[in-house]
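File shown: protein.txt (compact mmCIF, C-alpha atoms).
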# COMPACT_ATOMS: atom_id res chain seq x y z
CA MET V 1 -23.47 31.38 16.70
CA ASN V 2 -22.83 31.15 20.42
CA LEU V 3 -20.06 28.67 21.14
CA PHE V 4 -20.09 29.13 24.91
CA THR V 5 -22.44 26.20 25.53
CA ALA V 6 -20.63 24.02 22.98
CA ARG V 7 -17.33 24.76 24.72
CA LEU V 8 -18.82 24.26 28.18
CA THR V 9 -20.49 20.93 27.35
CA GLY V 10 -17.52 19.56 25.44
CA LYS V 11 -19.22 19.60 22.04
CA MET V 12 -16.38 21.81 20.89
CA LEU V 13 -12.86 20.81 21.85
CA SER V 14 -10.70 23.33 23.63
CA THR V 15 -7.98 24.88 21.50
CA GLU V 16 -5.35 22.88 23.37
CA GLN V 17 -7.26 19.64 22.85
CA PHE V 18 -7.99 20.40 19.21
CA GLU V 19 -4.37 21.35 18.49
CA LYS V 20 -3.29 18.07 20.08
CA THR V 21 -5.89 16.26 17.95
CA ILE V 22 -4.54 17.96 14.81
CA SER V 23 -0.99 17.01 15.74
CA GLU V 24 -1.97 13.39 16.34
CA MET V 25 -4.00 13.37 13.15
CA GLN V 26 -1.08 14.75 11.17
CA GLU V 27 1.15 12.01 12.53
CA ARG V 28 -1.43 9.41 11.58
CA VAL V 29 -1.77 10.85 8.10
CA LYS V 30 2.01 11.08 7.73
CA ARG V 31 2.31 7.42 8.65
CA TRP V 32 -0.68 6.54 6.45
CA ARG V 33 0.88 8.24 3.43
CA GLN V 34 4.25 6.59 4.06
CA ILE V 35 2.54 3.20 4.10
CA GLU V 36 0.55 4.20 1.03
CA GLN V 37 3.82 4.50 -0.91
CA SER V 38 5.50 1.44 0.64
CA PRO V 39 6.50 -1.68 -1.34
CA GLU V 40 4.83 -3.79 1.38
CA LEU V 41 1.40 -2.27 0.67
CA ALA V 42 1.92 -2.65 -3.08
CA GLU V 43 2.82 -6.31 -2.54
CA TYR V 44 -0.16 -6.80 -0.21
CA LYS V 45 -2.58 -5.35 -2.77
CA SER V 46 -1.12 -7.53 -5.52
CA LEU V 47 -1.33 -10.67 -3.38
CA LYS V 48 -4.82 -9.73 -2.18
CA GLU V 49 -6.02 -9.61 -5.77
CA LYS V 50 -4.56 -13.08 -6.40
CA VAL V 51 -5.70 -14.69 -3.15
CA GLU V 52 -9.25 -13.36 -3.44
CA SER V 53 -9.63 -14.31 -7.10
CA PRO V 54 -12.25 -16.99 -7.85
CA GLU V 55 -9.57 -19.18 -9.49
CA PHE V 56 -7.32 -19.08 -6.43
CA GLN V 57 -10.17 -19.74 -3.99
CA GLU V 58 -11.48 -22.59 -6.12
CA LYS V 59 -8.07 -24.25 -6.17
CA ARG V 60 -7.57 -23.66 -2.46
CA ASN V 61 -10.93 -25.17 -1.58
CA LYS V 62 -10.30 -28.11 -3.85
CA LEU V 63 -6.88 -28.92 -2.45
CA ALA V 64 -7.43 -28.00 1.19
CA LYS V 65 -10.96 -29.27 1.71
CA THR V 66 -11.35 -32.21 -0.68
CA LYS V 67 -11.26 -35.55 1.12
CA TYR V 68 -9.23 -38.34 -0.40
CA LYS V 69 -12.28 -40.60 -0.64
CA ASP V 70 -13.99 -38.03 -2.87
CA THR V 71 -11.18 -37.92 -5.44
CA ASP V 72 -11.02 -40.03 -8.59
CA GLU V 73 -7.94 -41.75 -7.21
CA GLY V 74 -9.62 -42.37 -3.86
CA ARG V 75 -12.73 -43.82 -5.50
CA LYS V 76 -10.67 -46.12 -7.75
CA THR V 77 -8.55 -47.26 -4.82
CA ALA V 78 -11.68 -48.00 -2.80
CA LEU V 79 -13.21 -49.91 -5.72
CA TYR V 80 -9.98 -51.85 -6.18
CA GLN V 81 -9.98 -52.80 -2.51
CA ARG V 82 -13.62 -53.82 -2.67
CA LEU V 83 -13.13 -55.96 -5.77
CA SER V 84 -9.91 -57.45 -4.44
CA GLY V 85 -11.69 -58.39 -1.24
CA ASN V 86 -14.60 -60.05 -3.06
CA LEU V 87 -14.72 -63.74 -2.04
CA ARG V 88 -15.30 -64.97 -5.57
CA ILE V 89 -12.41 -62.97 -6.96
CA ARG V 90 -10.23 -64.01 -4.06
CA GLY V 91 -11.18 -67.62 -4.82
CA TYR V 92 -10.35 -67.03 -8.46
CA LYS V 93 -6.92 -65.64 -7.64
CA HIS V 94 -6.27 -68.46 -5.20
CA ALA V 95 -7.16 -70.96 -7.91
CA LEU V 96 -4.71 -69.29 -10.26
CA GLU V 97 -1.96 -69.89 -7.74
CA ASN V 98 -3.02 -73.47 -6.90
CA GLU V 99 -0.63 -76.02 -8.45
CA THR V 100 -3.38 -78.63 -8.89
CA VAL V 101 -5.62 -76.16 -10.68
CA LYS V 102 -2.69 -75.07 -12.82
CA ALA V 103 -2.10 -78.71 -13.73
CA PHE V 104 -5.79 -79.14 -14.52
CA LEU V 105 -5.81 -76.09 -16.74
CA ALA V 106 -2.79 -77.42 -18.56
CA PHE V 107 -4.48 -80.80 -18.89
CA LYS V 108 -7.52 -79.13 -20.44
CA GLU V 109 -5.36 -78.16 -23.36
CA THR V 110 -4.42 -81.83 -24.10
CA GLU V 111 -6.28 -84.44 -26.19
CA ASP V 112 -6.76 -86.61 -23.09
CA TYR V 113 -9.12 -84.01 -21.64
CA SER V 114 -11.93 -85.52 -23.76
CA LYS V 115 -11.67 -88.71 -21.73
CA ILE V 116 -12.66 -86.99 -18.52
CA ASN V 117 -16.34 -87.64 -19.12
CA ASP V 118 -15.77 -91.35 -20.01
CA ALA V 119 -16.45 -93.48 -16.91
CA ALA V 120 -14.48 -96.45 -18.24
CA GLU V 121 -11.47 -94.26 -18.85
CA ARG V 122 -11.78 -92.68 -15.42
CA ARG V 123 -11.72 -96.14 -13.85
CA LYS V 124 -8.44 -96.79 -15.59
CA SER V 125 -6.77 -93.53 -14.50
CA SER V 126 -6.52 -91.97 -11.06
CA GLU V 127 -5.40 -88.74 -12.75
CA LEU V 128 -8.62 -88.57 -14.76
CA ARG V 129 -10.61 -89.24 -11.64
CA MET V 130 -8.82 -86.37 -9.85
CA TYR V 131 -9.33 -83.95 -12.75
CA SER V 132 -12.96 -85.02 -12.95
CA LEU V 133 -13.41 -84.10 -9.30
CA ILE V 134 -11.78 -80.71 -9.89
CA ALA V 135 -13.99 -80.03 -12.91
CA ARG V 136 -17.13 -80.66 -10.85
CA SER V 137 -15.91 -78.75 -7.77
CA ALA V 138 -17.41 -75.44 -6.60
CA TYR V 139 -13.85 -74.16 -6.43
CA TYR V 140 -13.34 -74.60 -10.18
CA LYS V 141 -16.88 -73.50 -11.06
CA ASN V 142 -16.19 -70.21 -9.20
CA TYR V 143 -13.03 -69.85 -11.24
CA GLN V 144 -15.00 -70.25 -14.46
CA ARG V 145 -17.69 -67.77 -13.42
CA VAL V 146 -15.15 -65.10 -12.47
CA LEU V 147 -12.89 -65.70 -15.46
CA ASN V 148 -15.06 -63.76 -17.92
CA SER V 149 -16.95 -61.60 -15.43
CA PRO V 150 -17.13 -57.77 -15.76
CA GLU V 151 -15.89 -57.51 -12.17
CA LEU V 152 -12.65 -59.29 -13.03
CA LYS V 153 -12.22 -57.18 -16.13
CA GLN V 154 -12.76 -54.01 -14.07
CA LEU V 155 -10.28 -55.19 -11.46
CA GLN V 156 -7.66 -55.97 -14.08
CA GLU V 157 -8.11 -52.54 -15.68
CA LEU V 158 -7.74 -50.91 -12.27
CA GLU V 159 -4.64 -52.92 -11.52
CA ALA V 160 -3.11 -51.86 -14.81
CA GLU V 161 -3.90 -48.18 -14.26
CA MET V 162 -2.80 -48.17 -10.61
CA ALA V 163 0.53 -49.70 -11.58
CA THR V 164 1.45 -46.63 -13.68
CA ASP V 165 3.78 -43.93 -12.31
CA ASP V 166 1.25 -41.23 -13.18
CA PHE V 167 -1.45 -42.80 -11.03
CA LYS V 168 0.96 -43.45 -8.20
CA GLN V 169 2.01 -39.77 -8.17
CA ARG V 170 -1.57 -38.51 -8.30
CA ASN V 171 -2.67 -40.96 -5.65
CA ALA V 172 0.18 -40.04 -3.34
CA PHE V 173 -0.67 -36.34 -3.79
CA TRP V 174 -4.33 -36.76 -2.89
CA GLN V 175 -3.55 -39.09 0.01
CA ASP V 176 -1.38 -36.38 1.55
CA GLU V 177 -3.52 -34.34 3.98
CA LYS V 178 -0.98 -31.49 3.77
CA ARG V 179 -1.15 -31.36 -0.02
CA TRP V 180 -2.25 -27.65 -0.02
CA GLU V 181 0.73 -26.67 2.07
CA LYS V 182 3.08 -28.03 -0.59
CA THR V 183 1.82 -25.75 -3.37
CA GLU V 184 3.16 -22.39 -4.57
CA GLU V 185 -0.27 -20.93 -3.92
CA TYR V 186 0.07 -21.82 -0.25
CA LYS V 187 3.30 -19.81 -0.08
CA ILE V 188 1.47 -16.88 -1.66
CA GLU V 189 -1.35 -17.21 0.87
CA GLN V 190 1.10 -17.36 3.77
CA ARG V 191 2.89 -14.22 2.62
CA PHE V 192 -0.46 -12.48 2.17
CA ASN V 193 -1.53 -13.44 5.71
CA GLU V 194 1.82 -12.27 7.05
CA LEU V 195 1.39 -8.85 5.42
CA ALA V 196 -2.28 -8.64 6.45
CA GLY V 197 -1.24 -9.11 10.06
CA SER V 198 1.47 -6.45 10.00
CA PRO V 199 0.84 -3.35 12.18
CA ASP V 200 1.31 -1.00 9.21
CA ILE V 201 -1.18 -2.74 6.92
CA LYS V 202 -3.72 -3.01 9.76
CA PHE V 203 -3.23 0.68 10.54
CA TYR V 204 -3.61 1.67 6.88
CA TYR V 205 -6.93 -0.12 6.40
CA LYS V 206 -8.25 0.87 9.84
CA GLN V 207 -7.86 4.52 8.86
CA ARG V 208 -9.50 3.83 5.52
CA ALA V 209 -12.43 2.15 7.23
CA GLU V 210 -12.83 5.01 9.68
CA LYS V 211 -12.50 7.61 6.91
CA ILE V 212 -9.66 9.81 8.14
CA ASP V 213 -10.94 13.29 8.89
CA TRP V 214 -10.11 16.35 6.76
CA ALA V 215 -6.39 15.65 7.04
CA GLU V 216 -6.92 12.52 4.92
CA LEU V 217 -8.51 14.59 2.21
CA PHE V 218 -5.78 17.23 2.03
CA ARG V 219 -2.03 17.22 1.61
CA PRO V 220 0.27 19.78 3.30
CA ALA V 221 1.00 22.71 1.00
CA PHE V 222 2.09 25.50 3.37
CA ASN V 223 3.19 25.57 7.00
CA ASP V 224 4.33 28.74 8.74
CA ASP V 225 5.23 28.65 12.42
CA MET V 226 5.88 32.42 12.34
CA SER V 227 9.54 32.00 13.24
CA SER V 228 10.48 34.62 10.64
CA SER V 229 9.00 37.11 8.19
CA LYS V 230 10.08 35.14 5.10
CA ASN V 231 6.51 34.37 3.99
CA TRP V 232 4.98 37.75 4.76
CA LYS V 233 5.32 41.05 2.91
CA PRO V 234 3.76 44.44 3.76
CA GLY V 235 0.69 45.65 1.87
CA PHE V 236 -2.55 44.34 0.43
CA GLY V 237 -0.86 42.52 -2.45
CA PHE V 238 -3.06 44.18 -5.07
CA ASP V 239 -2.63 43.12 -8.69
CA ASN V 240 -2.94 46.72 -9.87
CA ALA V 241 0.64 48.04 -10.02
CA ALA V 242 -0.63 51.65 -9.95
CA LEU V 243 -1.88 51.20 -6.38
CA LYS V 244 0.49 52.19 -3.62
CA ASP V 245 0.58 49.09 -1.45
CA GLY V 246 1.28 51.02 1.73
CA PHE V 247 -1.80 53.21 1.49
CA THR V 248 -4.58 53.50 4.05
CA TYR V 249 -8.26 54.16 3.41
CA ALA V 250 -9.49 57.66 4.25
CA SER V 251 -12.08 56.09 6.56
CA GLN V 252 -9.37 54.75 8.85
CA GLN V 253 -7.21 56.29 11.59
CA GLN V 254 -3.89 54.50 11.10
CA ALA V 255 -0.99 54.81 8.72
CA TYR V 256 0.61 51.59 7.52
CA THR V 257 4.35 51.38 8.17
CA GLY V 258 5.49 48.86 5.56
CA GLY V 259 6.10 46.11 8.07
CA LYS V 260 7.63 48.11 10.92
CA ASN V 261 4.64 47.37 13.16
CA THR V 262 4.85 43.63 12.52
CA PHE V 263 6.98 41.47 14.79
CA PHE V 264 7.98 37.83 14.58
CA ALA V 265 8.92 36.60 18.02
CA GLU V 266 8.08 33.85 20.53
CA GLY V 267 6.69 31.73 17.70
CA ARG V 268 4.04 34.13 16.48
CA MET V 269 3.38 37.14 14.26
CA ASP V 270 2.10 40.25 16.03
CA ILE V 271 0.65 43.16 14.06
CA GLU V 272 0.50 46.13 16.43
CA THR V 273 -1.72 49.19 16.22
CA ARG V 274 0.12 51.94 18.10
CA SER V 275 -0.75 55.39 19.26
CA GLU V 276 1.84 57.46 17.38
CA LYS V 277 1.63 60.22 14.81
CA ARG V 278 2.80 59.50 11.32
CA LYS V 279 2.36 60.90 7.85
CA GLY V 280 1.03 58.52 5.26
CA VAL V 281 -1.01 58.08 2.09
CA ALA V 282 -4.78 57.58 2.21
CA TRP V 283 -7.18 56.65 -0.55
CA ASP V 284 -10.15 58.97 -0.83
CA GLU V 285 -12.86 57.94 -3.31
CA LYS V 286 -13.34 61.59 -4.38
CA LYS V 287 -9.78 62.94 -4.13
CA GLY V 288 -7.75 59.84 -4.89
CA PHE V 289 -4.47 59.37 -3.02
CA VAL V 290 -3.86 62.13 -0.51
CA GLU V 291 -1.13 62.58 2.06
CA ARG V 292 -2.22 63.22 5.61
CA GLU V 293 -1.16 62.82 9.19
CA PHE V 294 -2.50 59.88 11.19
CA ALA V 295 -2.76 59.46 14.94
CA TYR V 296 -1.99 55.73 14.84
CA THR V 297 0.29 53.32 12.99
CA SER V 298 -0.29 49.66 12.08
CA ASP V 299 0.36 47.13 9.30
CA VAL V 300 -1.26 44.95 6.70
CA MET V 301 0.68 41.82 5.65
CA ASN V 302 0.21 39.21 2.91
CA THR V 303 1.68 35.94 1.58
CA LYS V 304 1.10 36.68 -2.10
CA GLU V 305 4.75 36.29 -3.12
CA ALA V 306 5.33 33.24 -0.94
CA PHE V 307 2.08 31.32 -1.29
CA SER V 308 -1.38 31.34 -2.83
CA GLN V 309 -3.77 28.53 -3.66
CA GLU V 310 -7.20 27.74 -5.06
CA GLU V 311 -9.30 25.39 -2.90
CA GLY V 312 -8.05 23.32 -0.01
CA LEU V 313 -8.03 23.80 3.74
CA PHE V 314 -6.76 27.06 5.26
CA VAL V 315 -6.12 27.02 9.03
CA ALA V 316 -4.70 29.56 11.48
CA LYS V 317 -4.32 29.90 15.23
CA VAL V 318 -5.28 33.49 16.03
CA ARG V 319 -6.27 35.87 18.82
CA SER V 320 -6.30 39.63 19.36
CA GLN V 321 -6.12 42.12 22.17
CA GLY V 322 -6.80 45.77 22.79
CA ALA V 323 -8.71 48.17 20.60
CA GLY V 324 -9.28 48.19 16.86
CA HIS V 325 -10.35 45.78 14.17
CA HIS V 326 -8.30 42.66 13.44
CA PHE V 327 -8.57 40.57 10.30
CA PHE V 328 -7.05 37.29 9.11
CA GLY V 329 -8.36 35.75 5.90
CA LEU V 330 -7.94 35.31 2.17
CA SER V 331 -7.72 37.78 -0.68
CA ASN V 332 -7.34 37.39 -4.44
CA GLY V 333 -5.45 40.68 -4.86
CA LYS V 334 -8.36 42.56 -6.42
CA THR V 335 -9.26 45.99 -5.07
CA GLY V 336 -12.86 44.96 -4.45
CA ASN V 337 -14.27 41.70 -3.25
CA PRO V 338 -14.09 38.85 -2.46
CA LEU V 339 -12.53 38.59 0.98
CA VAL V 340 -12.77 35.39 2.98
CA GLU V 341 -12.90 35.96 6.73
CA LEU V 342 -11.28 33.27 8.82
CA TYR V 343 -11.02 35.64 11.73
CA TYR V 344 -12.46 39.13 12.01
CA TYR V 345 -12.93 41.02 15.27
CA ASP V 346 -14.54 44.44 14.99
CA GLY V 347 -14.03 45.52 18.57
CA ASN V 348 -17.30 43.98 19.74
CA LYS V 349 -17.77 40.62 18.07
CA HIS V 350 -16.12 38.00 15.91
CA THR V 351 -17.41 37.16 12.45
CA MET V 352 -16.53 34.51 9.88
CA GLY V 353 -17.72 34.28 6.32
CA LEU V 354 -17.50 35.70 2.82
CA ILE V 355 -17.48 39.38 1.82
CA ASP V 356 -18.40 39.40 -1.85
CA GLY V 357 -21.17 41.87 -2.70
CA LYS V 358 -24.47 40.10 -3.24
CA ASN V 359 -22.85 36.75 -2.45
CA SER V 360 -21.76 37.91 1.02
CA LYS V 361 -22.64 35.73 3.97
CA THR V 362 -21.22 35.95 7.48
CA VAL V 363 -22.00 34.55 10.90
CA ASP V 364 -21.43 36.23 14.27
CA ILE V 365 -19.35 34.15 16.65
CA THR V 366 -20.04 34.67 20.33
CA GLY V 367 -18.92 32.75 23.40
CA VAL V 368 -15.28 32.89 22.26
CA LEU V 369 -12.94 35.15 24.21
CA ARG V 370 -10.75 37.19 21.90
CA SER V 371 -7.95 37.02 24.46
CA MET V 372 -7.79 33.24 23.98
CA TYR V 373 -6.27 31.50 20.98
CA HIS V 374 -8.64 29.52 18.81
CA ILE V 375 -8.06 27.68 15.57
CA TYR V 376 -10.02 29.16 12.69
CA SER V 377 -10.30 27.38 9.36
CA ILE V 378 -12.13 27.23 6.07
CA ARG V 379 -12.55 24.20 3.88
CA TRP V 380 -12.82 25.35 0.30
CA THR V 381 -14.03 22.78 -2.23
CA LYS V 382 -15.42 23.05 -5.73
CA ALA V 383 -18.92 22.72 -4.31
CA GLU V 384 -18.93 24.60 -1.01
CA LEU V 385 -17.23 26.68 1.66
CA ILE V 386 -17.23 25.51 5.28
CA TRP V 387 -15.95 27.51 8.26
CA TYR V 388 -14.84 26.07 11.62
CA VAL V 389 -13.80 27.31 15.05
CA ASN V 390 -11.61 24.55 16.46
CA ASP V 391 -13.57 21.42 15.51
CA MET V 392 -16.99 23.13 15.45
CA GLU V 393 -18.59 23.91 12.10
CA VAL V 394 -20.09 27.39 12.20
CA LEU V 395 -21.02 28.22 8.60
CA ARG V 396 -21.57 26.42 5.32
CA MET V 397 -22.48 27.88 1.94
CA PRO V 398 -22.22 27.08 -1.77
CA ASN V 399 -18.89 28.02 -3.35
CA THR V 400 -19.33 31.30 -5.23
CA LEU V 401 -15.62 32.19 -5.34
CA PRO V 402 -14.02 32.83 -8.74
CA HIS V 403 -11.71 30.13 -10.07
CA GLU V 404 -8.45 31.74 -9.01
CA LYS V 405 -5.86 31.49 -6.30
CA MET V 406 -6.10 33.40 -3.04
CA PHE V 407 -3.39 34.33 -0.55
CA MET V 408 -3.48 34.99 3.18
CA LEU V 409 -3.95 38.52 4.44
CA ALA V 410 -3.52 39.82 8.01
CA GLU V 411 -4.45 43.34 9.10
CA SER V 412 -5.00 45.48 12.19
CA PHE V 413 -6.78 48.84 11.72
CA LEU V 414 -8.93 51.56 13.32
CA PRO V 415 -12.09 52.88 11.62
CA SER V 416 -12.45 56.68 11.80
CA ASN V 417 -15.95 56.49 13.31
CA GLU V 418 -14.74 54.56 16.36
CA LYS V 419 -12.73 55.48 19.41
CA GLY V 420 -9.02 54.95 18.82
CA GLY V 421 -6.70 52.82 20.90
CA GLU V 422 -3.83 50.37 20.76
CA GLY V 423 -4.29 46.74 19.90
CA LYS V 424 -2.67 43.62 18.44
CA LEU V 425 -3.49 40.82 16.04
CA LYS V 426 -1.57 37.70 17.09
CA VAL V 427 -1.11 34.77 14.70
CA GLN V 428 0.71 31.79 16.18
CA TRP V 429 0.74 29.66 13.04
CA ALA V 430 -0.90 29.24 9.65
CA ARG V 431 -1.22 26.06 7.60
CA VAL V 432 -2.70 25.18 4.24
CA TYR V 433 -3.59 21.77 2.85
CA LYS V 434 -4.08 20.95 -0.80
CA SER V 435 -6.94 18.78 -1.96
CA VAL V 436 -5.83 15.36 -3.22
CA GLU V 437 -8.27 15.81 -6.08
CA ASP V 438 -5.97 18.44 -7.60
Entire entry expressed as structure tokens:
Amino acid sequence: MNLFTARLTGKMLSTEQFEKTISEMQERVKRWRQIEQSPELAEYKSLKEKVESPEFQEKRNKLAKTKYKDTDEGRKTALYQRLSGNLRIRGYKHALENETVKAFLAFKETEDYSKINDAAERRKSSELRMYSLIARSAYYKNYQRVLNSPELKQLQELEAEMATDDFKQRNAFWQDEKRWEKTEEYKIEQRFNELAGSPDIKFYYKQRAEKIDWAELFRPAFNDDMSSSKNWKPGFGFDNAALKDGFTYASQQQAYTGGKNTFFAEGRMDIETRSEKRKGVAWDEKKGFVEREFAYTSDVMNTKEAFSQEEGLFVAKVRSQGAGHHFFGLSNGKTGNPLVELYYYDGNKHTMGLIDGKNSKTVDITGVLRSMYHIYSIRWTKAELIWYVNDMEVLRMPNTLPHEKMFMLAESFLPSNEKGGEGKLKVQWARVYKSVED
């Protein structure tokens, strides 16, 4: 894959830009995870569940949006006002308060009331004549019609109900346009809105909505800024104790020095291949381990004792210079395969991929200067393996790796069939992220 055009057209970020992006992303994820564990977010989620529940919304809508006229109390009050304002009922009430009518009603209960229809008796008594006029008046007839009317009965029932403390309290509540604001639910809603508007909660859900990149999916598990050799030991880290970890293959020109050619300085790890004679042990498939003299020295280093992991995201900032082959990748400590190449430069080209017999798959990387640092990474999931240079995906394949941990391996060497020379593998930093699914 030629990355020259991608780099030139901006489809692939420069190493500096990508490193800055990673740093910013890590800060975002750090903040996101802090918020994720915060009591404020826990409270927000709890309140959100309450506020968005059908019961809460139903009550809110009822109290906040219901108009007084549409309530039972409002309808009864309106009916009461309508009945009270009815002319006949008003006339009836006025008659009840009229002293003459009161006197007439009292008179009706006496024996003399029977004389009211006797003309001779009326001529004898001015009182009878007056009561006779009242009895025939429209005023009194209205009184009689209303007295046993359903409207009057309804009004009296309303008056009795509206006089109770319970009705007065309910009526006052529904008359209050700010009734919702006086409930406990309103306080809950206000606190929810306050939290929803906070910068942290907004930030948290904005990242969720945008689906934080790979850094959201992985948690930091290993971070080495190459300030010391504490994480790196000499050798291949083979599981087989019978193997001499400082050996070299017979097909190579260098002797390994047990870490003497590896330097930690200026914030990086340098593995140097030098032109110097040295006796060492080589593995020959026919003769086994044999001692011989080499024309060059170098090193192979591993993190087996300090760190290994199955699945996740493995990232390193690497470059090389000079002659030789330079490798940075993953090993499981077996003498054969698999080897995962994050960075491999064979003197002519870069490759990335998997070395694993019939499952091997690699891709040539061109358009990337080996003298320039780039960030090489592999995302290792249960389903697949994905390789990147900076932010550019360069290879994807199904996961055929065995279910076991792998550690980081760095090596600089010279094949016997190539011209010798001095060179360096430079690793500025290495980081590993653990899948949150684990």
Practice prompt. Please tell me which residues are no farther than 6 Å from (-2.9, 43.8, 21.4) in the file, counting all atoms listed in the file, and write them as an MDAnalysis selection string.
Written response: chainID V and resid 320:322 423:424
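Residue nearest Leu87 in chain V within the list V:Gln17, V:Thr248, V:Ser412, V:Asn142: V:Asn142 [criterion: smallest interatomic distance, only C-alpha atoms].
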Worksheet item: What is the distance, in Å and to one decimal place, between CA of Glu177 in chain V and CA of Tyr44 in chain V?
Response: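 Here the two named atoms are 28.1 Å from each other.
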Item to complete: Identify, on the basis of all atoms listed in the file, every residue whose closest approach to range 326-332 of chain V does not exceed 8 Å; exclude the query and any residue fewer than 3 positions from it along the same chain; express the result as a list in words.
Response: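 The residues that qualify are Ser320, Pro338, Leu339, Val340, Glu341, Leu342, Tyr343, Tyr344, Tyr345, Asp346, Glu404, Lys405, Met406, Phe407, Met408, Leu409, Ala410, Glu411, Ser412, Phe413, Lys424 and Leu425 of chain V.
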Item to complete: May I have the protein, DNA and RNA residues with an atom at most 8 Å from (-11.4, 20.5, 16.4), counting only C-alpha atoms in the file's coordinates, returned as a ChimeraX atom specification?
Response: /V:12-15,17-19,21-22,375,389-392
